[in-house]
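Asker: Following this message is one structure expressed as structure tokens.
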Amino acid sequence: MVLQAKSFAVRRRVPAIAILAAAFQMACGHPSTVFRLSATPAAPVLAPPGILEKAADRAVLRVSAPAGKGACAASPHGLTVQRLRSAVRVTVTRDAIAATTGAELFEWTVELEKQGCIAANEAFHLAENIVDALPLELARRRQLLQGRTDLRSVQSLNVVAPVMKPGAPTGALADVISTSEGKAPGSIDVEVKSNPAVIGYEVDWYDLVPRDAGPGFRIVPRSAETHVGATVEHPAVPTVSRFAFGPDARWYELFMMTKVSTNDFDFVVFSAPTPEELRRRDADFQRDAAGFLKTADPATYSVLPHGTGINAYMRVRVNGTLLDLPPGNSVQQAIRLSKAAIDPSTVLTGLKVQKLHDGKLYPVEWDHAGDQILSLTLEGGEEISW
């Protein structure tokens, strides 16, 4: 494949973010062991576990620190860090978090990692804990979390690739006629004219699973399904290994590269051993995509063949069954799209929702006199049952 650097536009597949204010009053004077969802329909607020009433506008987090005296600079909007003996103390205030964008938050924590203020591979973890430090309006919380653009364990990858005739030469698999924004957030609809050598297609699912040791993930195949004519088969693994990264790969990012026009593009997934290195490669890739791919270690990235599509989904469990949903879906949509496929209002009485906080599941409490829980946006990893 010959790449022209000057013709590339690189797009990360996440929506833009904005700023909203947040306010909340807790009803208890001791740390909560649940998520609490307010009953205010106009601006619902979610309070994570561990929140105290007196800490509704200020929270202090402790993070382990590496040996040495790495810089611990405050964020541009006043999130402060104080180095202790074996840890750093991060102070989160409502004013600071209200003035911070999601991109700024994650860039700041990555910079702390780069400077040696916090331990390697802790940047993303710290940023998510900062989002969970104070009660926030759901819209504001969602905007902050969108600052994290890497792939993570609550996500899955869906790859759709052409199946070629045996012995067919590699090359252009399809002519792209047009592309448009898909109905689901972050997705793209593509209209193509297939190469005559294409005889079918394969649908593969991959999961991001935690590594056996240390932070980060591995991309592992979950299932494969081939369609050739009227024949459908389910091989044990995908027929092509798409993500054979090196042993140091822990963090991943998905990009779409537009070459000559919006109808001519490829997808790239690249990896890194630390969040700081992922952001550095992110910047290098966006600055000169072709140059990056020419000089980078082939074990650190994967370019999907032209004509192959990929989408990132959020994974949740509904009544014990894994469900892959496009980003931005709610509890209500998850119930409708589950095997039960029923009216969500009919299960409110027995409905239970659990969300992830610092790697563990916690129940969500809400006012059962209303149905506010149904509009709760899913962040991935939730468990829903009734």
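Following the order of the structure tokens, first chain is A, next is B, and so on, with residues numbered from 1 inside each chain and ligands from 1 in the order they appear.
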Where does DSSP see helix (DSSP H, G or I) in range 120-339 of chain A, if you list the residues as a PyMOL selection string?
Answerer: chain A and resi 123-131+138-145+275-287+289-295+298-300+331-337
Asker: Apply DSSP to the backbone of this structure and, from range 40-82 of chain A, keep only the residues in strand (DSSP E or B); write these as a list of chain:residue names.
Answerer: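 Those in range 40-82 of chain A that DSSP calls strand (DSSP E or B) are A:Val45, A:Leu46, A:Ala47, A:Arg58, A:Ala59, A:Val60, A:Leu61, A:Arg62, A:Val63, A:Ser64, A:Thr80, A:Val81, A:Gln82.
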Asker: Which value, in Å to one decimal, gives the distance between CA of Arg250 in chain A and CA of Arg211 in chain A?
Answerer: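 Answer for the CA of Arg250 in chain A to CA of Arg211 in chain A separation: 7.7 Å.
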Asker: Which residues are near range 65-82 of chain A? Cut-off 10 Å, only C-alpha atoms, ignore same chain within fewer than 6 positions. Put them as a PyMOL selection string.
Answerer: chain A and resi 88-101+104-105+107-109+111-120+122+130
Asker: If we count only C-alpha atoms and set the cut-off at 9 Å, which residues sit around range 240-247 of chain A, ignoring sequence neighbours fewer than 6 positions away in its own chain? Please answer as a PDB file with C-alpha atoms, in the first residue's frame.
Answerer:
```pdb
ATOM      1  CA  ARG A 218      -5.268  -7.513  25.376  1.00  0.00           C
ATOM      2  CA  ILE A 219      -7.448  -7.712  22.264  1.00  0.00           C
ATOM      3  CA  VAL A 220      -8.724 -11.284  21.986  1.00  0.00           C
ATOM      4  CA  PRO A 221     -11.185 -12.853  19.517  1.00  0.00           C
ATOM      5  CA  VAL A 269      -5.572   0.435  15.487  1.00  0.00           C
ATOM      6  CA  PHE A 270      -2.294   1.252  17.204  1.00  0.00           C
ATOM      7  CA  SER A 271      -0.935   0.270  20.605  1.00  0.00           C
ATOM      8  CA  PRO A 273       2.912   0.132  26.594  1.00  0.00           C
ATOM      9  CA  PRO A 298       4.836  -3.053  12.697  1.00  0.00           C
ATOM     10  CA  ALA A 299       4.094  -4.872  15.969  1.00  0.00           C
ATOM     11  CA  THR A 300       2.627  -1.645  17.381  1.00  0.00           C
ATOM     12  CA  TYR A 301      -0.174  -1.077  14.872  1.00  0.00           C
ATOM     13  CA  SER A 302      -2.629  -2.817  12.561  1.00  0.00           C
ATOM     14  CA  VAL A 303      -3.973  -1.367   9.307  1.00  0.00           C
ATOM     15  CA  LEU A 304      -7.188  -3.099   8.312  1.00  0.00           C
TER      16      LEU A 304
END
```
Asker: Could you name the residues that touch Ala133 in chain A at 8 Å or less, counting only C-alpha atoms, but leaving out those on the same chain fewer than 3 positions away, as an NGL selection string?
Answerer: :A and (48 or 51 or 59-61 or 92 or 129-130)
Asker: Go ahead and save the picked residues with N, CA and C atoms, as a short mmCIF file (atom, residue, chain, number, x, y, z; two decimals), in the first residue's frame.
Answerer:
```cif
data_model
loop_
_atom_site.label_atom_id
_atom_site.label_comp_id
_atom_site.auth_asym_id
_atom_site.auth_seq_id
_atom_site.Cartn_x
_atom_site.Cartn_y
_atom_site.Cartn_z
N PRO A 48 -21.35 9.20 42.77
CA PRO A 48 -20.67 7.90 42.88
C PRO A 48 -20.53 7.45 44.32
N ILE A 51 -19.09 9.25 48.42
CA ILE A 51 -19.29 10.69 48.53
C ILE A 51 -19.88 11.04 49.89
N ALA A 59 -13.14 17.19 46.96
CA ALA A 59 -12.73 15.83 47.28
C ALA A 59 -11.22 15.72 47.19
N VAL A 60 -10.65 14.82 47.97
CA VAL A 60 -9.21 14.58 47.96
C VAL A 60 -8.96 13.12 47.62
N LEU A 61 -8.12 12.88 46.61
CA LEU A 61 -7.75 11.53 46.19
C LEU A 61 -6.29 11.29 46.49
N VAL A 92 -9.71 17.87 44.20
CA VAL A 92 -10.69 18.14 43.14
C VAL A 92 -11.74 19.08 43.70
N ASN A 129 -11.06 8.41 38.19
CA ASN A 129 -11.37 8.62 39.61
C ASN A 129 -11.69 10.08 39.90
N ILE A 130 -11.09 11.00 39.16
CA ILE A 130 -11.42 12.41 39.32
C ILE A 130 -12.86 12.66 38.88
#
```
Asker: Expressed in Å to a single decimal, how great is the separation between CA of Arg142 in chain A and CA of Pro215 in chain A?
Answerer: 23.4 Å
Asker: Between A:Ser86, A:Thr226, A:Thr274, A:Asn311, which has the minimum distance to Met256 in chain A (counting only C-alpha atoms)?
Answerer: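 Of the candidates, the smallest distance to Met256 in chain A is held by A:Asn311.
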Asker: Using only C-alpha atoms, which residues of range 84-193 of chain A come within 12 Å of range 343-365 of chain A, and what is the closest atom pair for each, with the distance in Å to one decimal? Give it as CSV, sorted by chain and residue number.
Answerer:
```
residue,atom,partner,partner_atom,distance
A:Phe124,CA,A:Asp358,CA,11.3
A:His125,CA,A:Asp358,CA,7.9
A:Leu126,CA,A:Asp358,CA,9.6
A:Ala127,CA,A:Asp358,CA,11.0
A:Glu128,CA,A:Asp358,CA,8.1
A:Asn129,CA,A:Asp358,CA,6.9
A:Ile130,CA,A:Asp358,CA,10.7
A:Val131,CA,A:His357,CA,10.4
A:Asp132,CA,A:His357,CA,7.6
A:Ala133,CA,A:His357,CA,10.5
A:Ser153,CA,A:Gly359,CA,10.4
A:Val154,CA,A:Leu356,CA,9.7
```
Asker: List the spatial neighbours of Glu137 in chain A as number ranges by chain - criterion: any atom at most 7 Å away, only C-alpha atoms, same-chain residues fewer than 4 positions off excluded.
Answerer: A: 22, 43-46, 141
Asker: For Val198 in chain A, which residue among A:Gly229, A:Gly214, A:Pro162, A:Gly307 is the nearest when counting only C-alpha atoms?
Answerer: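 Between A:Gly229, A:Gly214, A:Pro162, A:Gly307, the residue approaching Val198 in chain A most closely is A:Pro162.
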Asker: Which residue is closest to Pro275 in chain A? Choose from A:Leu293, A:Leu151, A:Val63, A:Ala39 and count only C-alpha atoms.
Answerer: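 Distance minimum relative to Pro275 in chain A lands on A:Leu151.
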Asker: To one decimal in Å, tell me the separation between CA of Gly200 in chain A and CA of Leu322 in chain A.
Answerer: 26.8 Å
Asker: Using only C-alpha atoms, which residue out of A:Pro235, A:Pro41, A:Pro166, A:Pro196 lies closest to Leu138 in chain A?
Answerer: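 Among A:Pro235, A:Pro41, A:Pro166, A:Pro196, it is A:Pro41 that comes nearest to Leu138 in chain A.
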Asker: May I ask which of the residues A:Asp371, A:Gly167, A:Phe285, A:Lys183 is the closest one to Ala197 in chain A, counting only C-alpha atoms?
Answerer: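 Checking each candidate against Ala197 in chain A, we get A:Gly167 as the closest.
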Asker: Find the residues near Leu376 in chain A: any atom within 9 Å, counting only C-alpha atoms, skip ones fewer than 3 places away on the same chain, and give them as a list in words.
Answerer: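 Counting only C-alpha atoms, the residues come to Leu37, Pro44, Leu138, Asn329, Ser330, Val331, Gln332, Gln372 and Ile373 of chain A.
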Asker: A:Gly380, A:Ser223, A:Ala161, A:Val34: which is nearest Ala312 in chain A, counting only C-alpha atoms?
Answerer: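 Using only C-alpha atoms, Ala312 in chain A sits closest to A:Gly380.
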